[in-house]
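Colleague: I'd like to ask some things about the structure below.
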Amino acid sequence: MRRKAEGAAVLAAMLVVAIAASLAAQVFERQQLAVRTIENRMDASQIRWIERAASDWARLVLRLDARTTTIDHLGEPWAMAIQQTELDPTVYGGARAGTKDAKAVLSGQIQDAQARFNLRNLLQTSDRTASDPLPQTPRPSAPDLQALRKLLAAIGLDASLAELIAAYAVSPGFGRAADLLLVPGMDQPIYQRLERYMIVLPQRSSLNINTASPELLHAYLPGLDLASAQILVKRREERAFMDLAALKASLSLSEELAGDRFTVLSRFFFMEGVIGYGRVSSRARILYDRNPQSGLDGEAVSVVWRETL
């Protein structure tokens with residue numbers, strides 16, 4: 001009996017040790033998980049600091065550009081893409097946090113928002129008159145609706161989708177390009193093909209002929225087929241258009257190009273980029289308004305909105 005009691009005691013002791021070891025392992029695992037969660041949150045906080053610095057840099061670049069040139073084209077410094085680059089610690093050292101010895105990497109590019117189809121242009125509101133001072137009911141803009149039909153056909157989509165998009169623009173209206181997914185008949189594959197041509201700006205805007213894609217130029221310029229638009233873009237790479245008259249002469253157009261529909265100088269730009277720090281990465285798009293009337297000592301570049309992609 002004594003041996004059996006001793007054996008039972010040994011087994012009980014081993015069981016207690018095993019349970020204690022298991023509990024200790026669970027506590028250690030949870031502690032490690034908690035530490036990693038805190039580090040990830042701090043890494044995300046660090047990314048926000050880096051993004052703020054990158055945004056300030058983009059604003060400075062756009063402001064300096066406005067002071068040195070009267071046109072915007074893709075050969076300018078602001079249009080250069082930044083490949084994945086490891087940032088010097090001095091860029092973010094003042095706010096270092098998160099994973100120990102983590103590296104910060106950045107890639108991205110400033111792009112001309114007026115090189116895209118502004119969904120806001122689909123909405124046309126009549127001006128007030130003395131006899132009818134109240135604003136008229138919003139309605140689709142016929143020229144922009146026609147341009148959207150041509151754009152959809154040029155990229156291999158059903159042109160009839162333009163009417164559905166225009167109807168959504170009237171009510172309830174677009175806040176971001178991602179709202180296209182709410183349009184009846186729109187699915188993810190169609191949206192992915194269309195998104196790279198779309199933008200939603202705070203107001204109606206003109207198309208920059210020096211930065212727009214061949215598809216957009218074909219959609220908006222009268223009598224210009226897609227093949228000719230592609231040739232025009234190739235020519236534009238060698239010499240940007242200084243004004244609308246230069247484009248008119250190049251295309252031998254008989255009618256004038258409306259200044260409210262076309263431009264060579266843009267006001268709206270966006271920066272799209274990816275920032276990585278530690279185990280966390282973030283992809284975002286920031287829209288800027290370079291308003292020549294808002295700065296006391298020149299053009300002021302302000303952030304309109306930011307969205308996570």
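Chains: A, B, ... in order of the structure tokens. Residues: from 1 per chain. Ligands: from 1, in order shown.
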Each residue of region 213-284 of chain A lying at most 7 Å from region 150-160 of chain A should get a row with its shortest atom-to-atom pair and the distance in Å to one decimal, counting only C-alpha atoms; could you produce that, ordered by chain and increasing number, as CSV?
Modeller:
```
residue,atom,partner,partner_atom,distance
A:Glu215,CA,A:Leu151,CA,6.1
A:Leu216,CA,A:Leu151,CA,6.4
A:Ala219,CA,A:Lys150,CA,5.0
```
Colleague: Selection from above, C-alpha atoms, as a compact mmCIF listing (two decimals), in the first residue's frame, can you write it?
Modeller:
```
# COMPACT_ATOMS: atom_id res chain seq x y z
CA GLU A 215 -8.34 57.20 -73.59
CA LEU A 216 -9.37 60.47 -71.90
CA ALA A 219 -13.17 60.73 -75.01
```
Colleague: If you count only C-alpha atoms, which residues fall within 10 Å of Val183 (chain A), apart from same-chain ones fewer than 2 positions away, as an MDAnalysis selection string?
Modeller: chainID A and resid 161 164:169 174 179:181 185:187
Colleague: How many Å lie between CA of Asp289 (chain A) and CA of Val304 (chain A), rounded to one decimal?
Modeller: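 Computed distance, CA of Asp289 (chain A) to CA of Val304 (chain A), equals 6.4 Å.
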Colleague: Identify, on the basis of only C-alpha atoms, every residue whose closest approach to Arg139 (chain A) does not exceed 10 Å; exclude the query and any residue fewer than 2 positions from it along the same chain; express the result as a PDB file with N, CA and C atoms, in the first residue's frame.
Modeller:
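Produced file result_37.pdb, reproduced below:
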```pdb
ATOM      1  N   LEU A 122     -20.066  65.160 -64.162  1.00  0.00           N
ATOM      2  CA  LEU A 122     -21.322  64.606 -64.667  1.00  0.00           C
ATOM      3  C   LEU A 122     -22.534  65.358 -64.145  1.00  0.00           C
ATOM      4  N   LEU A 123     -22.334  66.129 -63.092  1.00  0.00           N
ATOM      5  CA  LEU A 123     -23.423  66.867 -62.470  1.00  0.00           C
ATOM      6  C   LEU A 123     -23.396  68.309 -62.924  1.00  0.00           C
ATOM      7  N   GLN A 124     -24.465  68.744 -63.558  1.00  0.00           N
ATOM      8  CA  GLN A 124     -24.534  70.115 -64.049  1.00  0.00           C
ATOM      9  C   GLN A 124     -25.730  70.797 -63.414  1.00  0.00           C
ATOM     10  N   THR A 125     -25.475  71.916 -62.782  1.00  0.00           N
ATOM     11  CA  THR A 125     -26.541  72.702 -62.167  1.00  0.00           C
ATOM     12  C   THR A 125     -26.688  74.002 -62.928  1.00  0.00           C
ATOM     13  N   SER A 126     -27.917  74.342 -63.288  1.00  0.00           N
ATOM     14  CA  SER A 126     -28.161  75.569 -64.045  1.00  0.00           C
ATOM     15  C   SER A 126     -27.891  76.780 -63.170  1.00  0.00           C
ATOM     16  N   GLN A 136     -31.720  75.310 -59.957  1.00  0.00           N
ATOM     17  CA  GLN A 136     -32.485  74.315 -60.686  1.00  0.00           C
ATOM     18  C   GLN A 136     -32.127  72.907 -60.215  1.00  0.00           C
ATOM     19  N   THR A 137     -32.986  71.972 -60.557  1.00  0.00           N
ATOM     20  CA  THR A 137     -32.741  70.577 -60.204  1.00  0.00           C
ATOM     21  C   THR A 137     -31.490  70.080 -60.922  1.00  0.00           C
ATOM     22  N   SER A 141     -24.633  66.344 -67.152  1.00  0.00           N
ATOM     23  CA  SER A 141     -24.004  67.187 -68.166  1.00  0.00           C
ATOM     24  C   SER A 141     -23.876  66.380 -69.450  1.00  0.00           C
ATOM     25  N   ALA A 142     -24.540  66.829 -70.498  1.00  0.00           N
ATOM     26  CA  ALA A 142     -24.562  66.078 -71.761  1.00  0.00           C
ATOM     27  C   ALA A 142     -23.164  65.864 -72.355  1.00  0.00           C
ATOM     28  N   ALA A 166     -24.174  58.221 -64.488  1.00  0.00           N
ATOM     29  CA  ALA A 166     -24.665  59.598 -64.459  1.00  0.00           C
ATOM     30  C   ALA A 166     -25.868  59.733 -63.540  1.00  0.00           C
ATOM     31  N   ALA A 167     -26.743  58.734 -63.558  1.00  0.00           N
ATOM     32  CA  ALA A 167     -27.914  58.772 -62.675  1.00  0.00           C
ATOM     33  C   ALA A 167     -27.488  58.759 -61.213  1.00  0.00           C
ATOM     34  N   ALA A 169     -24.651  59.922 -60.148  1.00  0.00           N
ATOM     35  CA  ALA A 169     -24.002  61.216 -59.904  1.00  0.00           C
ATOM     36  C   ALA A 169     -25.029  62.274 -59.513  1.00  0.00           C
ATOM     37  N   VAL A 170     -26.226  62.192 -60.118  1.00  0.00           N
ATOM     38  CA  VAL A 170     -27.293  63.139 -59.793  1.00  0.00           C
ATOM     39  C   VAL A 170     -27.848  62.867 -58.408  1.00  0.00           C
ATOM     40  N   SER A 171     -28.091  61.621 -58.096  1.00  0.00           N
ATOM     41  CA  SER A 171     -28.613  61.228 -56.781  1.00  0.00           C
ATOM     42  C   SER A 171     -28.302  59.760 -56.527  1.00  0.00           C
TER      43      SER A 171
END
```
Colleague: How would you write, as a PyMOL selection string, the set of residues in region 61-304 of chain A that DSSP gives as helix (DSSP H, G or I)?
Modeller: chain A and resi 61-68+77-79+89-95+113-115+119-122+142-154+161-170+177-182+188-197+214-220+226-238+244-251
Colleague: Given only C-alpha atoms as the basis, pick out the residue of A:Gly276, A:Pro143, A:Pro202, A:Pro292 nearest to Pro222 (chain A).
Modeller: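 Answer, going by the shortest atom-to-atom distance: A:Pro143.
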Colleague: Select, from A:Asp65, A:Val303, A:Ser205, A:Gly273, the residue with the minimum atom-to-atom distance to Gln84 (chain A), counting only C-alpha atoms.
Modeller: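 Answer, going by the shortest atom-to-atom distance: A:Gly273.
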Colleague: So which residues touch Ala104 (chain A) within 6 Å, counting only C-alpha atoms, skipping near sequence neighbours fewer than 6 positions away, as a PyMOL selection string?
Modeller: chain A and resi 86-87+276-277
Colleague: Give me, as a list in words, all polymer residues having an atom no more than 8 Å from Asp260 (chain A), counting only C-alpha atoms and skipping those fewer than 2 positions away in the same chain.
Modeller: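 The neighbour list is Ser205, Ser206, Ala258, Phe262 and Thr263 of chain A.
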Colleague: Those residues you just picked out, can you put them in a file as a short mmCIF file (atom, residue, chain, number, x, y, z; two decimals), in the first residue's frame with C-alpha atoms?
Modeller:
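The result, stored in out_33.cif:
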```
data_model
loop_
_atom_site.label_atom_id
_atom_site.label_comp_id
_atom_site.auth_asym_id
_atom_site.auth_seq_id
_atom_site.Cartn_x
_atom_site.Cartn_y
_atom_site.Cartn_z
CA SER A 205 -12.68 70.70 -63.34
CA SER A 206 -11.02 70.86 -66.75
CA ALA A 258 -13.24 75.58 -74.28
CA PHE A 262 -9.38 71.84 -71.12
CA THR A 263 -6.27 73.26 -69.49
#
```
Colleague: Could you state the separation of CA of Ala113 (chain A) and CA of Phe268 (chain A) in Å, given to one decimal place?
Modeller: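 That distance, rounded to one decimal, is 5.4 Å.
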Colleague: In Å, how far is it from CA of Pro77 (chain A) to CA of Met271 (chain A)?
Modeller: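 Separation between CA of Pro77 (chain A) and CA of Met271 (chain A): 13.5 Å.
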Colleague: From the DSSP assignment of the backbone, select every residue of region 2-226 of chain A that is strand (DSSP E or B), and format the answer as a list of chain:residue names.
Modeller: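 Checking each residue of region 2-226 of chain A, the strand (DSSP E or B) ones are A:Ile82, A:Gln83, A:Gln84, A:Thr85, A:Glu86, A:Ala104, A:Val105, A:Leu106, A:Ser107, A:Gly108, A:Gln109, A:Ile110, A:Gln111, A:Asp112, A:Phe117, A:Asn118, A:Leu123, A:Gln124, A:Arg139, A:Pro140, A:Met198, A:Ile199, A:Leu207, A:Asn208.
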Colleague: May I have the selected residues written with N, CA and C atoms, as a short mmCIF file (atom, residue, chain, number, x, y, z; two decimals), in the first residue's frame?
Modeller:
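part38.cif, written as the output of this step:
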```
data_model
loop_
_atom_site.label_atom_id
_atom_site.label_comp_id
_atom_site.auth_asym_id
_atom_site.auth_seq_id
_atom_site.Cartn_x
_atom_site.Cartn_y
_atom_site.Cartn_z
N ILE A 82 8.59 57.48 -57.04
CA ILE A 82 9.59 57.10 -56.04
C ILE A 82 9.50 55.59 -55.86
N GLN A 83 10.53 54.87 -56.30
CA GLN A 83 10.56 53.43 -56.11
C GLN A 83 10.78 53.12 -54.63
N GLN A 84 10.56 51.85 -54.26
CA GLN A 84 10.68 51.49 -52.85
C GLN A 84 12.05 51.92 -52.31
N THR A 85 12.01 52.82 -51.35
CA THR A 85 13.22 53.43 -50.82
C THR A 85 13.25 53.34 -49.31
N GLU A 86 14.39 52.94 -48.76
CA GLU A 86 14.54 52.91 -47.31
C GLU A 86 14.87 54.31 -46.83
N ALA A 104 12.12 51.82 -42.16
CA ALA A 104 10.99 52.48 -42.81
C ALA A 104 11.23 52.53 -44.31
N VAL A 105 10.25 52.08 -45.10
CA VAL A 105 10.37 52.10 -46.55
C VAL A 105 9.17 52.85 -47.14
N LEU A 106 9.42 53.52 -48.23
CA LEU A 106 8.38 54.34 -48.86
C LEU A 106 8.44 54.19 -50.37
N SER A 107 7.27 54.11 -51.00
CA SER A 107 7.18 54.15 -52.46
C SER A 107 5.90 54.89 -52.81
N GLY A 108 5.91 55.60 -53.93
CA GLY A 108 4.71 56.33 -54.31
C GLY A 108 4.96 57.31 -55.41
N GLN A 109 3.94 58.13 -55.69
CA GLN A 109 4.03 59.10 -56.79
C GLN A 109 2.96 60.16 -56.64
N ILE A 110 3.33 61.39 -57.01
CA ILE A 110 2.34 62.46 -57.14
C ILE A 110 1.75 62.36 -58.54
N GLN A 111 0.43 62.46 -58.64
CA GLN A 111 -0.23 62.39 -59.94
C GLN A 111 -1.17 63.57 -60.11
N ASP A 112 -1.40 63.92 -61.35
CA ASP A 112 -2.32 65.01 -61.67
C ASP A 112 -3.75 64.48 -61.61
N PHE A 117 -10.96 61.38 -65.25
CA PHE A 117 -12.36 61.78 -65.46
C PHE A 117 -12.95 62.16 -64.11
N ASN A 118 -13.30 63.41 -63.95
CA ASN A 118 -13.88 63.89 -62.71
C ASN A 118 -15.37 63.57 -62.68
N LEU A 123 -22.33 66.13 -63.09
CA LEU A 123 -23.42 66.87 -62.47
C LEU A 123 -23.40 68.31 -62.92
N GLN A 124 -24.47 68.74 -63.56
CA GLN A 124 -24.53 70.12 -64.05
C GLN A 124 -25.73 70.80 -63.41
N ARG A 139 -28.92 68.02 -63.03
CA ARG A 139 -29.13 67.11 -64.14
C ARG A 139 -27.79 66.72 -64.73
N PRO A 140 -27.71 65.62 -65.46
CA PRO A 140 -26.44 65.19 -66.04
C PRO A 140 -25.94 66.19 -67.07
N MET A 198 -10.71 57.33 -63.02
CA MET A 198 -11.73 58.08 -62.30
C MET A 198 -11.17 58.85 -61.11
N ILE A 199 -11.82 59.95 -60.78
CA ILE A 199 -11.51 60.73 -59.58
C ILE A 199 -12.76 61.52 -59.22
N LEU A 207 -9.85 69.19 -68.04
CA LEU A 207 -8.91 68.10 -68.31
C LEU A 207 -7.57 68.67 -68.76
N ASN A 208 -6.50 68.24 -68.10
CA ASN A 208 -5.16 68.70 -68.49
C ASN A 208 -4.70 67.91 -69.70
#
```
Colleague: Write out as JSON, numbers by chain which residues come within 9 Å of Glu256 (chain A) when counting only C-alpha atoms, dropping same-chain ones fewer than 6 positions away.
Modeller: {"A": [244, 245, 248]}
